[in-house]
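Peer 1: Submitted below is the structure of interest, expressed as structure tokens.
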Amino acid sequence: MRPTFARTVVELAERDERICGVIGDVGFGVLETFASRFPDRWLNVGVAEANLAGVSAGLALAGARPFMYSIANFPTLRCLEQIRNDICYNRAPVVIVGVGGGLAYGSLGATHHATEDLAVMRVLPGLTVIAPADPIETELLTRAAFALEAPVYLRLGRSGDPAVHAARPDLRIGRAVSLRDGSDVTLIATGAITRTALDAAELLAPLGISARVVSMHTLKPLDVDAIREAIDRTGALATLEEHSLVGGLGSAVAEAIADHGLRPRSFLRLGLPDAFAHVIGSREHLLARAGLSAPGVARAVAEMRGAVPASA
Amino acid sequence: MTAGTAAELGERARRVRLEVVRAVARAKASHVGSALSCVDLLVELYFGWLRVDPARPEEPERDRFIMSKAHAGIALYATLAERGFLARDRLADFYVDGGTLAGHADATGVPGMDYSAGSLGHGLAVATGMALHARRTGRRWRVAALLSDGECDEGSTWEAALLAGHLGLDALVAIVDANGQQGMGHTRDIVDLEPLPEKWRAFGWAVREIDGHDHDAIARTLGSIPFEKGRPNAIVARTVKGKGVSFMEDDVLWHYRAPAGDELARALAELGA
């Protein structure tokens, strides 16, 4: 997603001179094209995330359209109040870009595990929260985020994220998109782990479980109609996210169920435990340990359905 | 620009102070001392240096003003009313149930305001971003930010100071309302900021230190911006918290207390009501 984002933002900037890039000394090997093509619209504020967000707000309020970029925890948690007050309260059209959402930087340790960012961003008034599932969603939603002319948090994976779309989809902010049809359960996923939901659906098929998969790329505003449709079609729901079980996609869907009187036959939330990881490793390793590999997800869904557990 | 002599603007400042005290008393609001300390600076900005027009508050080429010490919001609202941006009767909306003028200055629905704030240490970064955009796009407008000395405790203030110095934004001016008081007492006793002008200088700013109640000095200093080409401008304005009401001056109690009864009568009398 990172290279796709970098390419897309250059394409956007070629057409709109208001666009500028603001970084907090992160982006080596990724953003040099933007920096060299648009040196007058490029700013590295240094290792200073409060300033990253505050300066971006000022640029936006003055008429620029900044994309502010860093590793997912830093442009969200470190400068939370600048996002809340300077960007959201002042309605400054800044696109906050967090790379390495979830466990992408698994071996770097818990400081670099972005596992609470969605919850924290989701609670801010006026902030649209987007987590694309793959490179094509990254391209389309980066364009849509810019076109929104409002504060956006765009949570990206890293590079080499596999595709979930076979064809170019019609993507709109706030409208979930179905990736696979099924009749027994709907797996609703957000972000790079959406590919795992598709792989788990493949593993469930031989067990006689027909799993539908939906990409909920926009966490806020949440597509409640898509949840209602999922319940109508499959009865059972499972959410999957590379994020703490507190406050992210699963919480958002649970809130929608409670608030709109929805009645899923069964409902399972899959995500990361409410704990810091002191065991480190690659993203794949850490996800598997947390039961969020494709076999782990398939097993949990099969158990919910009362079917034979899939073998890991 | 309206400007006026120092005496004329001093008279406007007196009227603004009266509105500040009346509004704070009416709403039983806090921060009257913080508001009174920066009235002369605000009046000189809005009647002198800032190129703004109440008839066209959204004029794209206007100068920008950032009220970073937004807890003194009533001083800004009252100055905007004096300048004609805001109907004077809107001041009744300050700090009361159902009101729209928050204690900490909220720009929503207030012509002449460019930014909403309230938590300290935010404004200078936003002002820096605005000034950078002006320079990049070849605009002539300038940006002023009014900071409290207490908010110079905030690391984020110095993140912005470092960057603005590095970028050499000479159309940016940070004015520190250095009244020497913060939430719990004198700044020198809590976290000593001195020597404050030297700190700004060390961050690459051109610095002037003035009496923040001397209208001649404020006008002259603002008028000489940029102090040095290629450096942002800092004005350390030495002020008195609660200025203009003798029993409020340099007393941290008036960070919190609203005048009532006899206190209010004395305050209004001292301000020539």
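Starting from 1 in every chain, residues are counted up; chains themselves are A, B, ... following the order of the structure tokens, and ligands are numbered from 1 as listed.
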Could you give me, as a PyMOL selection string, the residues within 9 Å of A:Leu249, counting only C-alpha atoms and dropping anything in the same chain fewer than 2 positions from it?
Peer 2: chain A and resi 118-119+188-190+216+219+239-241+243+245-247+251-254+269+271
Peer 1: May I have the residues of chain B within 7 Å of chain A, counting only C-alpha atoms, written as a ChimeraX atom specification?
Peer 2: /B:115-117,122,125-130,133,136,156,159-160,163
Peer 1: Kindly export the residues of the current selection with N, CA and C atoms, as a CSV table (one decimal), in the first residue's frame.
Peer 2:
```csv
chain,number,residue,atom,x,y,z
B,115,TYR,N,-9.1,31.0,13.8
B,115,TYR,CA,-8.7,29.7,14.4
B,115,TYR,C,-9.3,29.6,15.8
B,116,SER,N,-9.8,28.4,16.1
B,116,SER,CA,-10.3,28.1,17.5
B,116,SER,C,-9.3,27.4,18.3
B,117,ALA,N,-9.1,27.8,19.5
B,117,ALA,CA,-8.1,27.1,20.4
B,117,ALA,C,-8.6,27.0,21.8
B,122,HIS,N,-0.7,25.1,21.2
B,122,HIS,CA,-1.2,24.7,19.8
B,122,HIS,C,-0.9,25.8,18.8
B,125,ALA,N,2.3,26.5,16.1
B,125,ALA,CA,2.4,25.5,15.0
B,125,ALA,C,1.5,25.9,13.8
B,126,VAL,N,0.2,26.2,14.2
B,126,VAL,CA,-0.8,26.5,13.2
B,126,VAL,C,-0.4,27.8,12.5
B,127,ALA,N,0.1,28.8,13.2
B,127,ALA,CA,0.5,30.0,12.6
B,127,ALA,C,1.7,29.8,11.7
B,128,THR,N,2.6,28.9,12.1
B,128,THR,CA,3.7,28.6,11.3
B,128,THR,C,3.3,28.0,9.9
B,129,GLY,N,2.3,27.1,10.0
B,129,GLY,CA,1.8,26.5,8.7
B,129,GLY,C,1.2,27.5,7.8
B,130,MET,N,0.4,28.4,8.5
B,130,MET,CA,-0.2,29.5,7.7
B,130,MET,C,0.8,30.4,7.0
B,133,HIS,N,2.5,28.6,4.1
B,133,HIS,CA,1.7,28.6,2.9
B,133,HIS,C,1.7,30.0,2.2
B,136,ARG,N,5.0,30.2,0.3
B,136,ARG,CA,5.0,29.3,-0.8
B,136,ARG,C,4.2,29.8,-2.0
B,156,SER,N,5.4,21.7,22.6
B,156,SER,CA,5.0,22.0,21.2
B,156,SER,C,5.2,23.4,20.8
B,159,GLU,N,8.7,23.2,19.5
B,159,GLU,CA,8.8,22.5,18.3
B,159,GLU,C,8.5,23.5,17.1
B,160,ALA,N,7.5,24.3,17.3
B,160,ALA,CA,7.1,25.3,16.2
B,160,ALA,C,8.1,26.4,16.1
B,163,LEU,N,11.1,25.1,14.1
B,163,LEU,CA,10.8,25.0,12.7
B,163,LEU,C,10.7,26.4,12.0
```
Peer 1: Using only C-alpha atoms, determine which residues lie at most 9 Å from A:Leu272, disregarding the query and same-chain residues fewer than 2 positions distant; provide the list as a ChimeraX atom specification.
Peer 2: /A:115,241-246,270,274-275,287,290-292
Peer 1: Rank B:Ala78, B:Cys38, B:Ala23, B:Leu124 by their smallest atom-to-atom distance to B:Glu154, using only C-alpha atoms, and report the top residue only.
Peer 2: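 Going through B:Ala78, B:Cys38, B:Ala23, B:Leu124 one by one, the smallest distance to B:Glu154 is for B:Leu124.
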Peer 1: In Å, rounded to a single decimal, give me how far atom CA of A:Thr186 is from atom CA of A:Pro295.
Peer 2: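 Calculated distance between atom CA of A:Pro295 and atom CA of A:Thr186 is 16.5 Å.
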Peer 1: As an exercise, work out the distance from atom CA of A:Asp170 to atom CA of A:Ala145 in Å and give it to one decimal place.
Peer 2: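 Atom CA of A:Ala145 lies at a distance of 14.6 Å from atom CA of A:Asp170.
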Peer 1: Near B:Asp149, counting only C-alpha atoms, which residues have an atom at most 12 Å away, once you skip same-chain residues fewer than 5 positions from it, shown as a ChimeraX atom specification?
Peer 2: /B:34,37-38,68-69,120-121,154,157,174-183,186-188,190-197,235-241
Peer 1: Store the residues picked out above, limited to N, CA and C atoms, as a short mmCIF file (atom, residue, chain, number, x, y, z; two decimals), in the first residue's frame.
Peer 2:
```cif
data_model
loop_
_atom_site.label_atom_id
_atom_site.label_comp_id
_atom_site.auth_asym_id
_atom_site.auth_seq_id
_atom_site.Cartn_x
_atom_site.Cartn_y
_atom_site.Cartn_z
N SER B 34 -6.09 37.37 32.79
CA SER B 34 -5.41 37.00 31.54
C SER B 34 -5.91 37.85 30.39
N SER B 37 -4.61 41.58 30.59
CA SER B 37 -3.18 41.78 30.32
C SER B 37 -2.89 41.94 28.83
N CYS B 38 -3.74 41.42 27.97
CA CYS B 38 -3.41 41.46 26.53
C CYS B 38 -4.28 42.42 25.73
N SER B 68 -3.58 32.10 20.47
CA SER B 68 -3.15 30.84 21.09
C SER B 68 -3.48 30.84 22.57
N LYS B 69 -3.39 32.01 23.23
CA LYS B 69 -3.81 32.06 24.64
C LYS B 69 -5.32 32.30 24.67
N LEU B 120 -3.34 24.96 25.57
CA LEU B 120 -2.15 25.76 25.31
C LEU B 120 -1.10 25.01 24.51
N GLY B 121 -0.29 25.77 23.81
CA GLY B 121 0.82 25.18 23.06
C GLY B 121 0.46 24.77 21.64
N GLU B 154 5.06 24.63 27.26
CA GLU B 154 4.68 23.51 26.38
C GLU B 154 5.78 23.20 25.37
N THR B 157 5.19 24.37 21.75
CA THR B 157 5.52 25.75 21.38
C THR B 157 6.93 25.82 20.81
N ALA B 174 5.34 36.14 16.65
CA ALA B 174 4.82 35.57 17.89
C ALA B 174 4.92 36.64 18.96
N ILE B 175 3.79 36.95 19.56
CA ILE B 175 3.78 37.94 20.63
C ILE B 175 3.51 37.21 21.94
N VAL B 176 4.45 37.28 22.85
CA VAL B 176 4.25 36.62 24.14
C VAL B 176 3.74 37.65 25.13
N ASP B 177 2.54 37.40 25.62
CA ASP B 177 1.96 38.26 26.65
C ASP B 177 2.58 37.84 27.98
N ALA B 178 3.74 38.41 28.25
CA ALA B 178 4.54 37.95 29.40
C ALA B 178 4.10 38.68 30.66
N ASN B 179 2.99 38.21 31.22
CA ASN B 179 2.50 38.85 32.45
C ASN B 179 3.08 38.22 33.70
N GLY B 180 3.92 37.21 33.52
CA GLY B 180 4.67 36.68 34.66
C GLY B 180 3.86 35.80 35.59
N GLN B 181 2.62 35.50 35.18
CA GLN B 181 1.77 34.66 36.03
C GLN B 181 1.29 33.48 35.21
N GLN B 182 1.09 32.35 35.86
CA GLN B 182 0.41 31.23 35.23
C GLN B 182 -0.53 30.62 36.24
N GLY B 183 -1.08 29.46 35.92
CA GLY B 183 -2.19 28.90 36.68
C GLY B 183 -2.05 28.91 38.19
N HIS B 186 3.41 32.74 40.10
CA HIS B 186 4.37 33.41 39.23
C HIS B 186 5.18 32.40 38.43
N THR B 187 5.39 32.71 37.15
CA THR B 187 6.17 31.80 36.29
C THR B 187 7.57 31.60 36.85
N ARG B 188 8.13 32.65 37.44
CA ARG B 188 9.51 32.53 37.95
C ARG B 188 9.59 31.50 39.07
N ILE B 190 7.39 28.80 39.32
CA ILE B 190 6.87 27.49 38.89
C ILE B 190 7.89 26.83 37.97
N VAL B 191 8.06 27.36 36.77
CA VAL B 191 9.17 26.95 35.91
C VAL B 191 9.70 28.24 35.31
N ASP B 192 10.84 28.66 35.75
CA ASP B 192 11.37 29.96 35.33
C ASP B 192 11.66 29.95 33.83
N LEU B 193 11.07 30.88 33.11
CA LEU B 193 11.24 30.96 31.66
C LEU B 193 12.40 31.85 31.25
N GLU B 194 12.90 32.62 32.20
CA GLU B 194 13.91 33.62 31.84
C GLU B 194 15.28 32.97 31.67
N PRO B 195 16.09 33.55 30.82
CA PRO B 195 15.82 34.74 30.01
C PRO B 195 15.02 34.40 28.76
N LEU B 196 13.76 34.86 28.72
CA LEU B 196 12.86 34.48 27.64
C LEU B 196 13.26 35.04 26.27
N PRO B 197 13.64 36.32 26.18
CA PRO B 197 14.04 36.81 24.83
C PRO B 197 15.22 36.02 24.28
N ILE B 235 7.99 39.07 19.85
CA ILE B 235 7.88 40.23 20.73
C ILE B 235 7.58 39.71 22.13
N VAL B 236 8.51 39.91 23.03
CA VAL B 236 8.25 39.58 24.43
C VAL B 236 7.67 40.84 25.05
N ALA B 237 6.35 40.82 25.24
CA ALA B 237 5.64 42.00 25.74
C ALA B 237 5.48 41.85 27.25
N ARG B 238 6.19 42.67 27.97
CA ARG B 238 6.09 42.62 29.44
C ARG B 238 4.78 43.30 29.85
N THR B 239 3.95 42.54 30.49
CA THR B 239 2.61 43.04 30.84
C THR B 239 2.31 42.76 32.30
N VAL B 240 1.17 43.27 32.72
CA VAL B 240 0.70 43.05 34.09
C VAL B 240 -0.63 42.32 34.00
N LYS B 241 -0.69 41.17 34.65
CA LYS B 241 -1.96 40.44 34.68
C LYS B 241 -2.99 41.29 35.40
#
```
Peer 1: Identify, on the basis of only C-alpha atoms, every residue whose closest approach to stretch 175-183 of chain A does not exceed 10 Å; exclude the query and any residue fewer than 5 positions from it along the same chain; express the result as a PyMOL selection string.
Peer 2: chain A and resi 164-166+169-170+188-190+194-195+197-198+201+205+209-219+221-227+230+232-236
Peer 1: Dump N, CA and C atoms for the selected residues as a CSV table (one decimal), in the first residue's frame?
Peer 2:
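Resulting contents of result-v6.csv:
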```csv
chain,number,residue,atom,x,y,z
A,164,VAL,N,-7.0,-7.9,-2.8
A,164,VAL,CA,-8.3,-8.6,-2.5
A,164,VAL,C,-9.3,-8.4,-3.6
A,165,HIS,N,-9.0,-7.4,-4.5
A,165,HIS,CA,-10.0,-7.2,-5.6
A,165,HIS,C,-9.4,-7.8,-6.9
A,166,ALA,N,-10.2,-8.5,-7.6
A,166,ALA,CA,-9.7,-9.1,-8.9
A,166,ALA,C,-9.9,-8.0,-10.0
A,169,PRO,N,-12.7,-2.0,-8.4
A,169,PRO,CA,-14.1,-1.8,-7.8
A,169,PRO,C,-14.6,-0.4,-7.9
A,170,ASP,N,-15.9,-0.2,-7.7
A,170,ASP,CA,-16.5,1.1,-7.5
A,170,ASP,C,-16.4,1.4,-6.0
A,188,ILE,N,-16.6,-9.7,8.1
A,188,ILE,CA,-16.4,-8.2,7.8
A,188,ILE,C,-15.0,-7.9,8.3
A,189,ALA,N,-14.2,-7.4,7.4
A,189,ALA,CA,-12.8,-7.1,7.7
A,189,ALA,C,-12.5,-5.7,7.3
A,190,THR,N,-11.4,-5.2,8.0
A,190,THR,CA,-10.9,-3.8,7.6
A,190,THR,C,-9.4,-3.9,7.5
A,194,THR,N,-7.8,-8.0,5.6
A,194,THR,CA,-9.0,-8.4,4.8
A,194,THR,C,-8.6,-9.6,3.9
A,195,ARG,N,-7.4,-9.6,3.4
A,195,ARG,CA,-6.9,-10.8,2.6
A,195,ARG,C,-7.0,-12.1,3.4
A,197,ALA,N,-9.2,-12.8,5.6
A,197,ALA,CA,-10.6,-13.2,5.6
A,197,ALA,C,-11.0,-14.0,4.4
A,198,LEU,N,-10.5,-13.5,3.2
A,198,LEU,CA,-10.7,-14.3,2.0
A,198,LEU,C,-10.1,-15.6,2.0
A,201,ALA,N,-12.1,-17.9,4.2
A,201,ALA,CA,-13.3,-18.3,3.5
A,201,ALA,C,-13.0,-19.5,2.6
A,205,ALA,N,-14.8,-23.5,3.1
A,205,ALA,CA,-15.6,-24.1,2.1
A,205,ALA,C,-15.7,-25.6,2.2
A,209,ILE,N,-19.0,-24.7,5.1
A,209,ILE,CA,-19.4,-23.3,5.5
A,209,ILE,C,-19.2,-22.4,4.4
A,210,SER,N,-20.2,-21.8,3.9
A,210,SER,CA,-20.2,-20.8,2.8
A,210,SER,C,-20.0,-19.4,3.4
A,211,ALA,N,-18.8,-18.9,3.3
A,211,ALA,CA,-18.5,-17.6,3.9
A,211,ALA,C,-18.5,-16.5,2.9
A,212,ARG,N,-19.2,-15.4,3.2
A,212,ARG,CA,-19.2,-14.2,2.5
A,212,ARG,C,-18.2,-13.3,3.1
A,213,VAL,N,-17.5,-12.4,2.3
A,213,VAL,CA,-16.5,-11.5,2.8
A,213,VAL,C,-16.8,-10.1,2.3
A,214,VAL,N,-16.7,-9.2,3.3
A,214,VAL,CA,-17.0,-7.8,3.0
A,214,VAL,C,-15.8,-7.0,3.5
A,215,SER,N,-15.3,-6.0,2.6
A,215,SER,CA,-14.3,-5.1,3.0
A,215,SER,C,-15.0,-3.8,3.6
A,216,MET,N,-14.8,-3.7,4.9
A,216,MET,CA,-15.3,-2.4,5.6
A,216,MET,C,-14.2,-1.5,5.7
A,217,HIS,N,-13.9,-0.9,4.5
A,217,HIS,CA,-12.7,0.0,4.4
A,217,HIS,C,-12.9,1.3,5.2
A,218,THR,N,-14.1,1.7,5.4
A,218,THR,CA,-14.4,2.9,6.1
A,218,THR,C,-15.0,2.6,7.5
A,219,LEU,N,-14.2,2.9,8.5
A,219,LEU,CA,-14.7,2.6,9.9
A,219,LEU,C,-15.7,3.7,10.3
A,221,PRO,N,-17.6,7.3,8.5
A,221,PRO,CA,-18.9,6.8,9.0
A,221,PRO,C,-19.1,5.3,8.6
A,222,LEU,N,-19.6,4.5,9.5
A,222,LEU,CA,-19.8,3.1,9.3
A,222,LEU,C,-21.0,2.8,8.4
A,223,ASP,N,-20.8,1.8,7.6
A,223,ASP,CA,-21.9,1.4,6.7
A,223,ASP,C,-22.9,0.5,7.4
A,224,VAL,N,-23.8,1.0,8.0
A,224,VAL,CA,-24.8,0.2,8.8
A,224,VAL,C,-25.6,-0.6,7.9
A,225,ASP,N,-26.0,-0.1,6.7
A,225,ASP,CA,-26.8,-0.9,5.7
A,225,ASP,C,-26.0,-2.2,5.3
A,226,ALA,N,-24.7,-2.1,5.2
A,226,ALA,CA,-24.0,-3.3,4.9
A,226,ALA,C,-24.0,-4.3,6.0
A,227,ILE,N,-24.1,-3.9,7.2
A,227,ILE,CA,-24.2,-4.9,8.3
A,227,ILE,C,-25.6,-5.5,8.3
A,230,ALA,N,-25.8,-8.0,5.6
A,230,ALA,CA,-25.0,-9.2,5.9
A,230,ALA,C,-25.9,-10.1,6.8
A,232,ASP,N,-29.1,-10.1,7.0
A,232,ASP,CA,-30.2,-10.6,6.2
A,232,ASP,C,-29.8,-11.8,5.3
A,233,ARG,N,-28.6,-11.7,4.8
A,233,ARG,CA,-28.1,-12.7,3.9
A,233,ARG,C,-27.6,-14.0,4.5
A,234,THR,N,-26.8,-13.8,5.6
A,234,THR,CA,-26.1,-14.9,6.2
A,234,THR,C,-26.5,-15.2,7.7
A,235,GLY,N,-27.1,-14.3,8.3
A,235,GLY,CA,-27.5,-14.5,9.7
A,235,GLY,C,-26.3,-14.3,10.7
A,236,ALA,N,-25.2,-15.0,10.4
A,236,ALA,CA,-24.1,-14.9,11.3
A,236,ALA,C,-23.1,-13.9,10.8
```
Peer 1: Measuring between only C-alpha atoms, which one of A:Ala238, A:Glu32, A:Asp184, A:Ala167 shows the shortest distance to A:Glu137?
Peer 2: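 The closest residue to A:Glu137 is A:Ala167.
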Peer 1: Taking the DSSP assignment computed from this structure's backbone, write out as a ChimeraX atom specification all residues of stretch 144-267 of chain B that belong to strand (DSSP E or B).
Peer 2: /B:144-148,172-178,181-182,185-186,206-211,233-238
Peer 1: Residues of the last selection are to be written out with N, CA and C atoms, as a short mmCIF file (atom, residue, chain, number, x, y, z; two decimals), in the first residue's frame.
Peer 2:
```cif
data_model
loop_
_atom_site.label_atom_id
_atom_site.label_comp_id
_atom_site.auth_asym_id
_atom_site.auth_seq_id
_atom_site.Cartn_x
_atom_site.Cartn_y
_atom_site.Cartn_z
N ALA B 144 0.07 36.72 12.79
CA ALA B 144 0.45 37.04 14.16
C ALA B 144 -0.17 36.00 15.09
N ALA B 145 0.60 35.56 16.07
CA ALA B 145 0.10 34.64 17.09
C ALA B 145 0.34 35.26 18.46
N LEU B 146 -0.70 35.24 19.28
CA LEU B 146 -0.56 35.76 20.65
C LEU B 146 -0.48 34.59 21.62
N LEU B 147 0.63 34.51 22.32
CA LEU B 147 0.89 33.40 23.24
C LEU B 147 0.92 33.92 24.67
N SER B 148 0.59 33.07 25.61
CA SER B 148 0.83 33.42 27.01
C SER B 148 2.25 33.01 27.36
N LEU B 172 5.95 36.06 9.99
CA LEU B 172 5.30 35.49 11.19
C LEU B 172 5.77 36.27 12.41
N VAL B 173 4.82 36.65 13.26
CA VAL B 173 5.21 37.27 14.53
C VAL B 173 4.52 36.54 15.67
N ALA B 174 5.34 36.14 16.65
CA ALA B 174 4.82 35.57 17.89
C ALA B 174 4.92 36.64 18.96
N ILE B 175 3.79 36.95 19.56
CA ILE B 175 3.78 37.94 20.63
C ILE B 175 3.51 37.21 21.94
N VAL B 176 4.45 37.28 22.85
CA VAL B 176 4.25 36.62 24.14
C VAL B 176 3.74 37.65 25.13
N ASP B 177 2.54 37.40 25.62
CA ASP B 177 1.96 38.26 26.65
C ASP B 177 2.58 37.84 27.98
N ALA B 178 3.74 38.41 28.25
CA ALA B 178 4.54 37.95 29.40
C ALA B 178 4.10 38.68 30.66
N GLN B 181 2.62 35.50 35.18
CA GLN B 181 1.77 34.66 36.03
C GLN B 181 1.29 33.48 35.21
N GLN B 182 1.09 32.35 35.86
CA GLN B 182 0.41 31.23 35.23
C GLN B 182 -0.53 30.62 36.24
N GLY B 185 0.57 30.49 39.98
CA GLY B 185 1.38 31.55 40.58
C GLY B 185 2.32 32.17 39.58
N HIS B 186 3.41 32.74 40.10
CA HIS B 186 4.37 33.41 39.23
C HIS B 186 5.18 32.40 38.43
N ALA B 206 14.19 36.88 15.46
CA ALA B 206 14.57 38.26 15.78
C ALA B 206 13.61 38.73 16.88
N VAL B 207 14.15 39.31 17.92
CA VAL B 207 13.37 39.50 19.14
C VAL B 207 13.36 40.97 19.57
N ARG B 208 12.20 41.42 20.03
CA ARG B 208 12.09 42.73 20.68
C ARG B 208 11.41 42.52 22.03
N GLU B 209 11.86 43.25 22.99
CA GLU B 209 11.25 43.19 24.32
C GLU B 209 10.67 44.56 24.61
N ILE B 210 9.37 44.60 24.89
CA ILE B 210 8.72 45.91 25.05
C ILE B 210 7.78 45.90 26.25
N ASP B 211 7.30 47.09 26.59
CA ASP B 211 6.23 47.25 27.57
C ASP B 211 4.92 47.00 26.82
N ASN B 233 9.64 36.80 13.78
CA ASN B 233 9.69 37.91 14.74
C ASN B 233 9.05 37.50 16.06
N ALA B 234 9.76 37.75 17.15
CA ALA B 234 9.17 37.50 18.47
C ALA B 234 9.14 38.81 19.24
N ILE B 235 7.99 39.07 19.85
CA ILE B 235 7.88 40.23 20.73
C ILE B 235 7.58 39.71 22.13
N VAL B 236 8.51 39.91 23.03
CA VAL B 236 8.25 39.58 24.43
C VAL B 236 7.67 40.84 25.05
N ALA B 237 6.35 40.82 25.24
CA ALA B 237 5.64 42.00 25.74
C ALA B 237 5.48 41.85 27.25
N ARG B 238 6.19 42.67 27.97
CA ARG B 238 6.09 42.62 29.44
C ARG B 238 4.78 43.30 29.85
#
```
Peer 1: Compare A:Ile231, A:Ile136, A:Leu204, A:Ile19 by their minimum atom-to-atom distance to A:Glu149, counting only C-alpha atoms, and give me the closest one.
Peer 2: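 Nearest candidate to A:Glu149 out of A:Ile231, A:Ile136, A:Leu204, A:Ile19: A:Ile19.
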Peer 1: Among stretch 9-181 of chain B, which residues carry a DSSP assignment of alpha helix (DSSP H), reported as an MDAnalysis selection string?
Peer 2: chainID B and resid 9:27 32:37 39:44 73:83 123:136 155:167
Peer 1: Go ahead and save the residues from that selection, with C-alpha atoms, as a short mmCIF file (atom, residue, chain, number, x, y, z; two decimals), in the first residue's frame.
Peer 2:
```cif
data_model
loop_
_atom_site.label_atom_id
_atom_site.label_comp_id
_atom_site.auth_asym_id
_atom_site.auth_seq_id
_atom_site.Cartn_x
_atom_site.Cartn_y
_atom_site.Cartn_z
CA LEU B 9 -6.07 53.47 20.78
CA GLY B 10 -5.51 53.75 24.51
CA GLU B 11 -9.07 54.99 24.78
CA ARG B 12 -10.29 52.03 22.71
CA ALA B 13 -8.37 49.71 25.01
CA ARG B 14 -10.13 51.26 28.00
CA ARG B 15 -13.50 50.57 26.38
CA VAL B 16 -12.52 47.00 25.57
CA ARG B 17 -11.44 46.48 29.17
CA LEU B 18 -14.83 47.72 30.34
CA GLU B 19 -16.59 45.20 28.10
CA VAL B 20 -14.27 42.45 29.32
CA VAL B 21 -15.03 43.15 32.97
CA ARG B 22 -18.77 43.48 32.31
CA ALA B 23 -18.93 40.25 30.33
CA VAL B 24 -16.86 38.29 32.84
CA ALA B 25 -18.97 39.57 35.74
CA ARG B 26 -22.24 38.87 33.92
CA ALA B 27 -21.24 35.29 33.15
CA VAL B 32 -10.34 38.15 33.64
CA GLY B 33 -6.72 38.83 34.61
CA SER B 34 -5.41 37.00 31.54
CA ALA B 35 -7.78 38.99 29.34
CA LEU B 36 -6.89 42.39 30.79
CA SER B 37 -3.18 41.78 30.32
CA VAL B 39 -6.02 44.11 25.66
CA ASP B 40 -3.47 46.74 24.58
CA LEU B 41 -1.75 44.20 22.32
CA LEU B 42 -5.05 43.10 20.75
CA VAL B 43 -6.21 46.68 20.17
CA GLU B 44 -2.91 47.60 18.50
CA GLY B 73 -11.12 34.78 24.59
CA ILE B 74 -13.29 37.58 25.98
CA ALA B 75 -10.51 40.08 25.27
CA LEU B 76 -10.53 39.02 21.63
CA TYR B 77 -14.34 38.99 21.33
CA ALA B 78 -14.53 42.46 22.89
CA THR B 79 -11.78 43.76 20.60
CA LEU B 80 -13.61 42.32 17.58
CA ALA B 81 -16.77 44.06 18.77
CA GLU B 82 -14.91 47.37 19.19
CA ARG B 83 -13.45 46.92 15.69
CA GLY B 123 -1.27 28.13 18.16
CA LEU B 124 2.30 28.71 17.09
CA ALA B 125 2.45 25.55 14.96
CA VAL B 126 -0.76 26.51 13.18
CA ALA B 127 0.52 30.04 12.63
CA THR B 128 3.74 28.57 11.25
CA GLY B 129 1.80 26.46 8.75
CA MET B 130 -0.21 29.49 7.66
CA ALA B 131 2.88 31.66 7.22
CA LEU B 132 4.61 28.91 5.27
CA HIS B 133 1.66 28.60 2.89
CA ALA B 134 1.65 32.37 2.35
CA ARG B 135 5.33 32.37 1.45
CA ARG B 136 5.05 29.32 -0.81
CA GLY B 155 7.17 21.55 24.30
CA SER B 156 4.97 21.97 21.24
CA THR B 157 5.52 25.75 21.38
CA TRP B 158 9.24 25.15 20.99
CA GLU B 159 8.76 22.52 18.25
CA ALA B 160 7.08 25.25 16.23
CA ALA B 161 9.64 27.90 17.23
CA LEU B 162 12.44 25.63 16.06
CA LEU B 163 10.81 24.98 12.68
CA ALA B 164 9.78 28.60 12.04
CA GLY B 165 13.33 29.68 12.84
CA HIS B 166 14.73 27.05 10.50
CA LEU B 167 12.36 28.13 7.73
#
```
Peer 1: Which residues, written as a PDB file with C-alpha atoms, in the first residue's frame, have at least one atom at most 6 Å from A:Ala131, with only C-alpha atoms counted and residues fewer than 4 positions away on the same chain left out?
Peer 2:
```pdb
ATOM      1  CA  LEU A 154      -5.972   6.948   6.254  1.00  0.00           C
ATOM      2  CA  ARG A 155      -4.486   3.829   7.822  1.00  0.00           C
ATOM      3  CA  GLY A 191      -7.423  -3.019   6.419  1.00  0.00           C
ATOM      4  CA  HIS A 217     -12.663  -0.027   4.431  1.00  0.00           C
TER       5      HIS A 217
END
```
Peer 1: Which residue, B:Trp205, B:Leu253, B:Ala92, B:Trp200, has the smallest gap to B:Met184 when you use only C-alpha atoms?
Peer 2: B:Leu253
Peer 1: What does the structure give for the distance between atom CA of A:Arg84 and atom CA of B:Asp106, in Å to one decimal?
Peer 2: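 Taking atom CA of A:Arg84 as the start and atom CA of B:Asp106 as the end point, the length is 13.9 Å.
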Peer 1: Pick the closest to A:Gly98 from A:Leu127, A:Ala300, A:Met1, A:Ala144: which is it, counting only C-alpha atoms?
Peer 2: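 For A:Gly98, the nearest of the given residues is A:Met1.
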